[in-house]
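Source file: query.tsv (TSV, C-alpha atoms)
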```tsv
chain	number	residue	atom	x	y	z
N	1	MET	CA	11.25	6.58	22.17
N	2	ALA	CA	11.71	2.79	22.13
N	3	LYS	CA	15.03	1.18	22.99
N	4	VAL	CA	16.03	-1.79	20.80
N	5	MET	CA	18.93	-4.20	20.52
N	6	VAL	CA	20.47	-4.40	17.06
N	7	SER	CA	23.09	-6.88	15.84
N	8	LEU	CA	25.72	-5.39	13.52
N	9	PRO	CA	28.90	-6.77	11.93
N	10	ASP	CA	32.00	-5.43	13.70
N	11	ASP	CA	33.23	-3.47	10.68
N	12	LEU	CA	29.86	-1.77	10.15
N	13	LEU	CA	29.69	-0.84	13.83
N	14	ALA	CA	33.19	0.63	13.56
N	15	GLU	CA	32.00	2.81	10.67
N	16	VAL	CA	28.94	3.92	12.62
N	17	ASP	CA	31.11	4.83	15.61
N	18	ALA	CA	33.54	6.72	13.39
N	19	GLU	CA	30.64	8.67	11.93
N	20	ALA	CA	29.37	9.46	15.43
N	21	ARG	CA	32.80	10.76	16.50
N	22	ARG	CA	33.07	12.81	13.31
N	23	GLY	CA	29.67	14.38	13.86
N	24	GLY	CA	30.07	14.80	17.60
N	25	THR	CA	26.99	12.73	18.25
N	26	THR	CA	26.00	9.29	19.51
N	27	ARG	CA	25.90	5.86	17.90
N	28	SER	CA	22.12	5.82	18.39
N	29	ALA	CA	21.69	9.19	16.70
N	30	VAL	CA	23.75	8.11	13.69
N	31	MET	CA	21.76	4.91	13.23
N	32	ARG	CA	18.48	6.81	13.69
N	33	ASP	CA	19.47	9.40	11.09
N	34	PHE	CA	20.64	6.77	8.60
N	35	ALA	CA	17.45	4.74	8.96
N	36	ASP	CA	15.31	7.85	8.58
N	37	ALA	CA	17.25	8.97	5.49
N	38	ALA	CA	17.05	5.53	3.87
N	39	LEU	CA	13.31	5.23	4.40
N	40	ARG	CA	12.70	8.79	3.18
N	41	ARG	CA	14.76	8.14	0.06
N	42	ARG	CA	12.72	5.00	-0.61
N	43	ARG	CA	9.45	6.92	-0.29
N	44	GLU	CA	10.73	9.72	-2.52
N	45	ASN	CA	11.77	7.21	-5.19
N	46	ARG	CA	8.34	5.59	-5.09
N	47	SER	CA	6.63	8.99	-5.27
N	48	ALA	CA	8.66	10.04	-8.32
N	49	ALA	CA	7.95	6.74	-10.07
N	50	MET	CA	4.23	7.09	-9.36
N	51	ARG	CA	4.13	10.61	-10.82
N	52	SER	CA	5.62	9.26	-14.01
N	53	LEU	CA	3.37	6.17	-14.19
N	54	LEU	CA	0.19	8.12	-13.45
N	55	SER	CA	0.92	10.83	-16.03
N	56	ASP	CA	-0.95	8.87	-18.71
N	57	ALA	CA	-4.06	8.02	-16.71
N	58	SER	CA	-7.15	7.79	-18.90
N	59	PRO	CA	-10.91	7.66	-18.22
N	60	HIS	CA	-12.47	4.23	-17.61
N	61	GLY	CA	-15.89	5.04	-16.14
N	62	GLY	CA	-14.96	5.18	-12.46
N	63	ARG	CA	-16.42	2.91	-9.75
N	64	ALA	CA	-13.13	1.06	-9.19
N	65	ALA	CA	-14.33	-0.87	-6.15
N	66	GLU	CA	-17.41	-2.13	-8.02
N	67	GLN	CA	-15.30	-3.09	-11.03
N	68	VAL	CA	-12.95	-5.13	-8.85
N	69	LYS	CA	-15.91	-7.08	-7.42
N	70	ALA	CA	-17.57	-7.49	-10.83
N	71	THR	CA	-14.48	-9.07	-12.38
N	72	ARG	CA	-13.68	-11.53	-9.58
N	73	PRO	CA	-14.37	-15.21	-10.25
N	74	GLY	CA	-17.98	-16.11	-9.50
N	75	PRO	CA	-19.11	-18.66	-6.91
B	1	MET	CA	4.45	6.29	11.02
B	2	THR	CA	1.80	3.72	10.09
B	3	THR	CA	2.24	1.86	6.83
B	4	LEU	CA	-0.81	2.17	4.56
B	5	LEU	CA	-2.00	-1.02	2.85
B	6	LEU	CA	-3.74	-0.14	-0.42
B	7	ASP	CA	-6.28	-2.45	-2.02
B	8	ALA	CA	-6.72	-2.81	-5.79
B	9	SER	CA	-9.52	-0.23	-5.94
B	10	VAL	CA	-7.13	2.53	-4.83
B	11	LEU	CA	-4.57	1.63	-7.49
B	12	LEU	CA	-7.27	1.53	-10.17
B	13	ALA	CA	-8.90	4.79	-9.05
B	14	ALA	CA	-5.54	6.55	-9.32
B	15	PHE	CA	-5.45	5.57	-13.01
B	16	ASP	CA	-9.02	6.62	-13.79
B	17	PRO	CA	-9.82	10.38	-13.81
B	18	GLU	CA	-13.54	9.50	-13.86
B	19	ASP	CA	-13.38	7.77	-10.49
B	20	ASP	CA	-14.78	9.69	-7.51
B	21	HIS	CA	-11.62	8.85	-5.56
B	22	HIS	CA	-9.15	9.59	-8.37
B	23	GLU	CA	-7.55	12.73	-6.94
B	24	SER	CA	-7.20	11.40	-3.39
B	25	ALA	CA	-5.89	8.03	-4.61
B	26	ARG	CA	-3.34	9.71	-6.85
B	27	THR	CA	-2.27	12.11	-4.11
B	28	LEU	CA	-1.75	9.15	-1.80
B	29	LEU	CA	0.39	7.21	-4.28
B	30	GLU	CA	2.54	10.32	-4.79
B	31	ASP	CA	2.78	11.14	-1.06
B	32	GLU	CA	6.44	11.33	0.01
B	33	ASP	CA	5.56	11.08	3.69
B	34	ALA	CA	3.58	7.82	3.56
B	35	THR	CA	4.94	4.28	3.42
B	36	LEU	CA	2.71	2.23	1.11
B	37	ALA	CA	2.18	-1.52	0.75
B	38	THR	CA	-0.34	-3.88	-0.85
B	39	LEU	CA	-1.38	-7.54	-0.95
B	40	ASP	CA	-0.23	-9.93	-3.70
B	41	LEU	CA	-3.90	-10.35	-4.70
B	42	ALA	CA	-3.82	-6.78	-6.04
B	43	ARG	CA	-1.72	-7.91	-9.01
B	44	TYR	CA	-4.52	-10.19	-10.24
B	45	GLU	CA	-7.28	-7.75	-9.45
B	46	VAL	CA	-5.83	-4.72	-11.25
B	47	ALA	CA	-4.96	-6.85	-14.29
B	48	ASN	CA	-8.41	-8.41	-14.30
B	49	VAL	CA	-10.19	-5.03	-14.23
B	50	ALA	CA	-7.93	-3.61	-16.95
B	51	VAL	CA	-8.65	-6.54	-19.26
B	52	ARG	CA	-12.23	-7.54	-18.42
B	53	ALA	CA	-13.85	-4.23	-17.38
B	54	TRP	CA	-11.77	-1.45	-18.95
B	55	ARG	CA	-11.05	-3.46	-22.12
B	56	ALA	CA	-7.63	-1.82	-21.93
B	57	PRO	CA	-4.97	-4.53	-21.86
B	58	ASN	CA	-2.35	-1.84	-22.47
B	59	SER	CA	-3.06	-0.58	-18.96
B	60	VAL	CA	-1.87	-3.83	-17.37
B	61	THR	CA	1.83	-3.00	-17.63
B	62	PRO	CA	1.66	0.41	-15.88
B	63	LEU	CA	-0.74	-0.98	-13.25
B	64	LEU	CA	1.65	-3.82	-12.46
B	65	ALA	CA	4.51	-1.33	-12.41
B	66	VAL	CA	2.63	0.57	-9.69
B	67	VAL	CA	2.40	-2.65	-7.67
B	68	GLU	CA	6.13	-3.23	-8.13
B	69	ARG	CA	6.92	0.28	-6.87
B	70	LEU	CA	4.96	-0.57	-3.73
B	71	ALA	CA	7.10	-3.70	-3.42
B	72	ASP	CA	10.11	-1.38	-3.25
B	73	ASP	CA	8.42	0.77	-0.59
B	74	GLY	CA	6.31	-0.88	2.14
B	75	GLY	CA	6.24	-4.24	0.39
B	76	ILE	CA	3.76	-6.78	-0.98
B	77	VAL	CA	2.11	-8.99	1.64
B	78	PRO	CA	1.93	-12.65	0.53
B	79	SER	CA	-1.37	-14.56	0.83
B	80	THR	CA	-0.27	-17.30	3.22
B	81	ASP	CA	-2.42	-20.00	4.81
B	82	THR	CA	-2.33	-18.06	8.08
B	83	LEU	CA	-3.51	-14.88	6.40
B	84	LEU	CA	-6.33	-16.62	4.54
B	85	THR	CA	-7.46	-18.38	7.71
B	86	ARG	CA	-7.75	-14.96	9.36
B	87	ALA	CA	-9.46	-13.64	6.22
B	88	THR	CA	-12.04	-16.41	6.44
B	89	GLU	CA	-12.86	-15.41	10.02
B	90	ILE	CA	-13.23	-11.76	9.02
B	91	ALA	CA	-15.36	-12.68	6.00
B	92	GLU	CA	-17.70	-14.73	8.19
B	93	HIS	CA	-17.93	-12.05	10.87
B	94	HIS	CA	-18.62	-9.14	8.50
B	95	THR	CA	-20.46	-11.05	5.75
B	96	ILE	CA	-18.00	-9.97	3.07
B	97	SER	CA	-16.01	-11.88	0.46
B	98	VAL	CA	-12.76	-13.60	1.38
B	99	TYR	CA	-11.12	-11.40	-1.28
B	100	ASP	CA	-12.06	-8.21	0.56
B	101	ALA	CA	-11.37	-9.84	3.91
B	102	ALA	CA	-7.87	-10.84	2.77
B	103	TYR	CA	-6.89	-7.17	2.58
B	104	ALA	CA	-8.39	-6.57	6.03
B	105	ALA	CA	-6.52	-9.60	7.39
B	106	ALA	CA	-3.25	-8.41	5.86
B	107	ALA	CA	-3.68	-5.00	7.47
B	108	ASP	CA	-4.63	-6.57	10.79
B	109	GLU	CA	-1.70	-9.01	10.86
B	110	GLY	CA	0.87	-6.43	9.78
B	111	GLY	CA	-0.33	-3.53	11.91
B	112	TYR	CA	-1.11	-1.54	8.75
B	113	ARG	CA	-4.00	0.82	8.00
B	114	LEU	CA	-6.13	-0.49	5.13
B	115	ILE	CA	-7.09	2.08	2.48
B	116	SER	CA	-9.88	1.29	0.02
B	117	CYS	CA	-12.49	2.89	-2.21
B	118	ASP	CA	-14.92	0.12	-1.20
B	119	GLU	CA	-17.40	2.06	0.90
B	120	ARG	CA	-20.03	-0.71	0.98
B	121	ASP	CA	-18.02	-3.65	2.29
B	122	LEU	CA	-14.88	-2.21	3.89
B	123	VAL	CA	-15.19	1.47	4.83
B	124	SER	CA	-18.76	1.24	6.18
B	125	LYS	CA	-17.73	-1.69	8.38
B	126	ASP	CA	-14.75	0.25	9.76
B	127	LEU	CA	-12.33	-2.19	8.16
B	128	ALA	CA	-10.75	0.46	5.94
B	129	ALA	CA	-10.47	4.21	5.36
B	130	LEU	CA	-11.04	6.08	2.11
B	131	PRO	CA	-7.93	7.45	0.36
B	132	ALA	CA	-8.95	11.00	1.34
B	133	ASP	CA	-8.98	9.96	5.01
B	134	ALA	CA	-5.75	7.93	4.91
B	135	ASN	CA	-3.70	10.31	6.99
B	136	LYS	CA	-6.42	11.43	9.38
B	137	GLU	CA	-5.92	10.51	13.03
B	138	GLY	CA	-8.37	7.96	14.25
B	139	SER	CA	-9.22	6.47	10.87
B	140	ARG	CA	-8.37	2.81	10.37
```

Starting from the coordinates I provided, produce the structure as structure tokens.
Amino acid sequence: MAKVMVSLPDDLLAEVDAEARRGGTTRSAVMRDFADAALRRRRENRSAAMRSLLSDASPHGGRAAEQVKATRPGP
Amino acid sequence: MTTLLLDASVLLAAFDPEDDHHESARTLLEDEDATLATLDLARYEVANVAVRAWRAPNSVTPLLAVVERLADDGGIVPSTDTLLTRATEIAEHHTISVYDAAYAAAADEGGYRLISCDERDLVSKDLAALPADANKEGSR
């Protein structure tokens, strides 16, 4: 596991430390858990949005990579 | 966890059930365990295919919405001078277009894994992995 230096405002650090004391854990563990939860939430939000957007996919003949090349500006 | 950089072909394949890579592209876009990004060029390319090839201008809005959801996840890489200089080198080396090379350069510069349906110019040259292979160890 990598060790990093992070700059935080004093009041945010105080909240992180309070959370660590409350949970009986370390400052590092709290920040790790919060970062993991935030990134997971972001991925879950994207996934849900994609399911909705892709629900009305319709047939267009396939060959997406070829179609991208065919519609690019010519030389 | 490696961020996956998707090119326009993956976004388009996810919207087209007739594409050979449709299911794997769609599964990837809906994957809750992957962080996904793209290049700003994808906006133009998906819109261009929807209008010029699919003749489906109504598809532009949802396609661009997909790009915006990636902006909220792993982000949209901007095409800077530095990136296009690197893309030019890759294009020369692999004899591919600067458009394709721009995605490879973006992946290279950002430490991302490039995912594409372009077997001829990207996957066969080991510059990208197919959507079905996105999460396999050892694939680019």

Polymer residues at most 9 Å from segment 33-43 of chain N, all atoms listed in the file, same-chain spacing of 4 or more positions, as number ranges by chain: N: 28-29, 47-48; B: 30-36, 72-74

Output as a tab-separated table one row per residue of segment 9-83 of chain B within 9 Å of segment 54-75 of chain N: the closest atom pair and its distance in Å to one decimal place, counting only C-alpha atoms, sorted by chain and residue number ascending.
```
residue	atom	partner	partner_atom	distance
B:Ser9	CA	N:Ala65	CA	4.9
B:Val10	CA	N:Ala64	CA	7.6
B:Leu11	CA	N:Ala64	CA	8.7
B:Leu12	CA	N:Ala64	CA	6.0
B:Ala13	CA	N:Ala64	CA	5.6
B:Ala14	CA	N:Leu54	CA	7.2
B:Phe15	CA	N:Ala57	CA	4.7
B:Asp16	CA	N:Pro59	CA	4.9
B:Pro17	CA	N:Pro59	CA	5.3
B:Glu18	CA	N:Gly62	CA	4.8
B:Asp19	CA	N:Gly62	CA	3.6
B:Asp20	CA	N:Gly62	CA	6.7
B:His21	CA	N:Gly62	CA	8.5
B:His22	CA	N:Gly62	CA	8.4
B:Arg26	CA	N:Leu54	CA	7.7
B:Glu45	CA	N:Val68	CA	6.3
B:Val46	CA	N:Val68	CA	7.5
B:Asn48	CA	N:Thr71	CA	6.4
B:Val49	CA	N:Val68	CA	6.0
B:Arg52	CA	N:Thr71	CA	6.6
B:Ala53	CA	N:Gln67	CA	6.6
B:Trp54	CA	N:His60	CA	5.9
B:Ala56	CA	N:His60	CA	8.9
B:Ser59	CA	N:Ala57	CA	8.9
B:Pro62	CA	N:Leu54	CA	8.2
B:Val66	CA	N:Leu54	CA	8.8
```

Nearest to chain B by atom-to-atom distance, counting only C-alpha atoms, from N:Arg21, N:Met5, N:Val30, N:Met50: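 Of N:Arg21, N:Met5, N:Val30, N:Met50, the one nearest chain B is N:Met50, counting only C-alpha atoms.
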
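With distances restricted to all atoms listed in the file, B:Ala8 is the closest residue to chain N from B:Val60, B:Ala128, B:Ala104, B:Ala8.
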
Residue contacts of Ala71 of chain B (10 Å, all atoms listed in the file) excluding same-chain residues fewer than 2 positions away, as a PyMOL selection string: (chain N and resi 46) or (chain B and resi 36-40+65-69+73-77)

Protein, DNA and RNA residues within 12 Å of (1.2, 7.4, 10.6), all atoms listed in the file, as a ChimeraX atom specification: /B:1-5,33-36,111-113,133-140

Those selected residues, please, written with C-alpha atoms and delivered as a PDB file, in the frame of the given file.
```
ATOM      1  CA  MET B   1       4.450   6.290  11.020  1.00  0.00           C
ATOM      2  CA  THR B   2       1.800   3.720  10.090  1.00  0.00           C
ATOM      3  CA  THR B   3       2.240   1.860   6.830  1.00  0.00           C
ATOM      4  CA  LEU B   4      -0.810   2.170   4.560  1.00  0.00           C
ATOM      5  CA  LEU B   5      -2.000  -1.020   2.850  1.00  0.00           C
ATOM      6  CA  ASP B  33       5.560  11.080   3.690  1.00  0.00           C
ATOM      7  CA  ALA B  34       3.580   7.820   3.560  1.00  0.00           C
ATOM      8  CA  THR B  35       4.940   4.280   3.420  1.00  0.00           C
ATOM      9  CA  LEU B  36       2.710   2.230   1.110  1.00  0.00           C
ATOM     10  CA  GLY B 111      -0.330  -3.530  11.910  1.00  0.00           C
ATOM     11  CA  TYR B 112      -1.110  -1.540   8.750  1.00  0.00           C
ATOM     12  CA  ARG B 113      -4.000   0.820   8.000  1.00  0.00           C
ATOM     13  CA  ASP B 133      -8.980   9.960   5.010  1.00  0.00           C
ATOM     14  CA  ALA B 134      -5.750   7.930   4.910  1.00  0.00           C
ATOM     15  CA  ASN B 135      -3.700  10.310   6.990  1.00  0.00           C
ATOM     16  CA  LYS B 136      -6.420  11.430   9.380  1.00  0.00           C
ATOM     17  CA  GLU B 137      -5.920  10.510  13.030  1.00  0.00           C
ATOM     18  CA  GLY B 138      -8.370   7.960  14.250  1.00  0.00           C
ATOM     19  CA  SER B 139      -9.220   6.470  10.870  1.00  0.00           C
ATOM     20  CA  ARG B 140      -8.370   2.810  10.370  1.00  0.00           C
TER      21      ARG B 140
END
```

Best match for closeness to Asp81 of chain B among B:Ala102, B:Leu130, B:Leu63, B:Leu114, counting only C-alpha atoms: B:Ala102

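Atom CA of Ala101 of chain B to atom CA of Val123 of chain B spans 12.0 Å [interatomic distance, one decimal].
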
Atom CA of Val4 of chain N to atom CA of Met31 of chain N, distance in Å rounded to a single decimal: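 Result for atom CA of Val4 of chain N versus atom CA of Met31 of chain N: 11.6 Å, one decimal.
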
Atomic separation - atom CA of Ser52 of chain N relative to atom CA of Glu119 of chain B, Å: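 Pair atom CA of Glu119 of chain B / atom CA of Ser52 of chain N returns 28.4 Å.
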
Using only C-alpha atoms: which of B:Glu109, B:Glu23, B:Cys117, B:Tyr44 has the shortest distance to chain N: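 Comparing B:Glu109, B:Glu23, B:Cys117, B:Tyr44 against chain N, the winner is B:Cys117.
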
Selected residue of minimal separation from chain N among B:Asp126, B:Asp100, B:Asp108, B:Glu92, counting only C-alpha atoms: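 That would be B:Asp100, the residue with the smallest distance to chain N.
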
Residue with smallest distance to chain N - pool B:Arg43, B:Lys125, B:Arg86, B:His93, counting only C-alpha atoms: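 Result for the nearest residue to chain N: B:Arg43.
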
Distance query Ala87 of chain B at most 7 Å, all atoms listed in the file, self and fewer than 3 positions along chain excluded, as a ChimeraX atom specification: /B:83-84,90-91,98,101-102,105
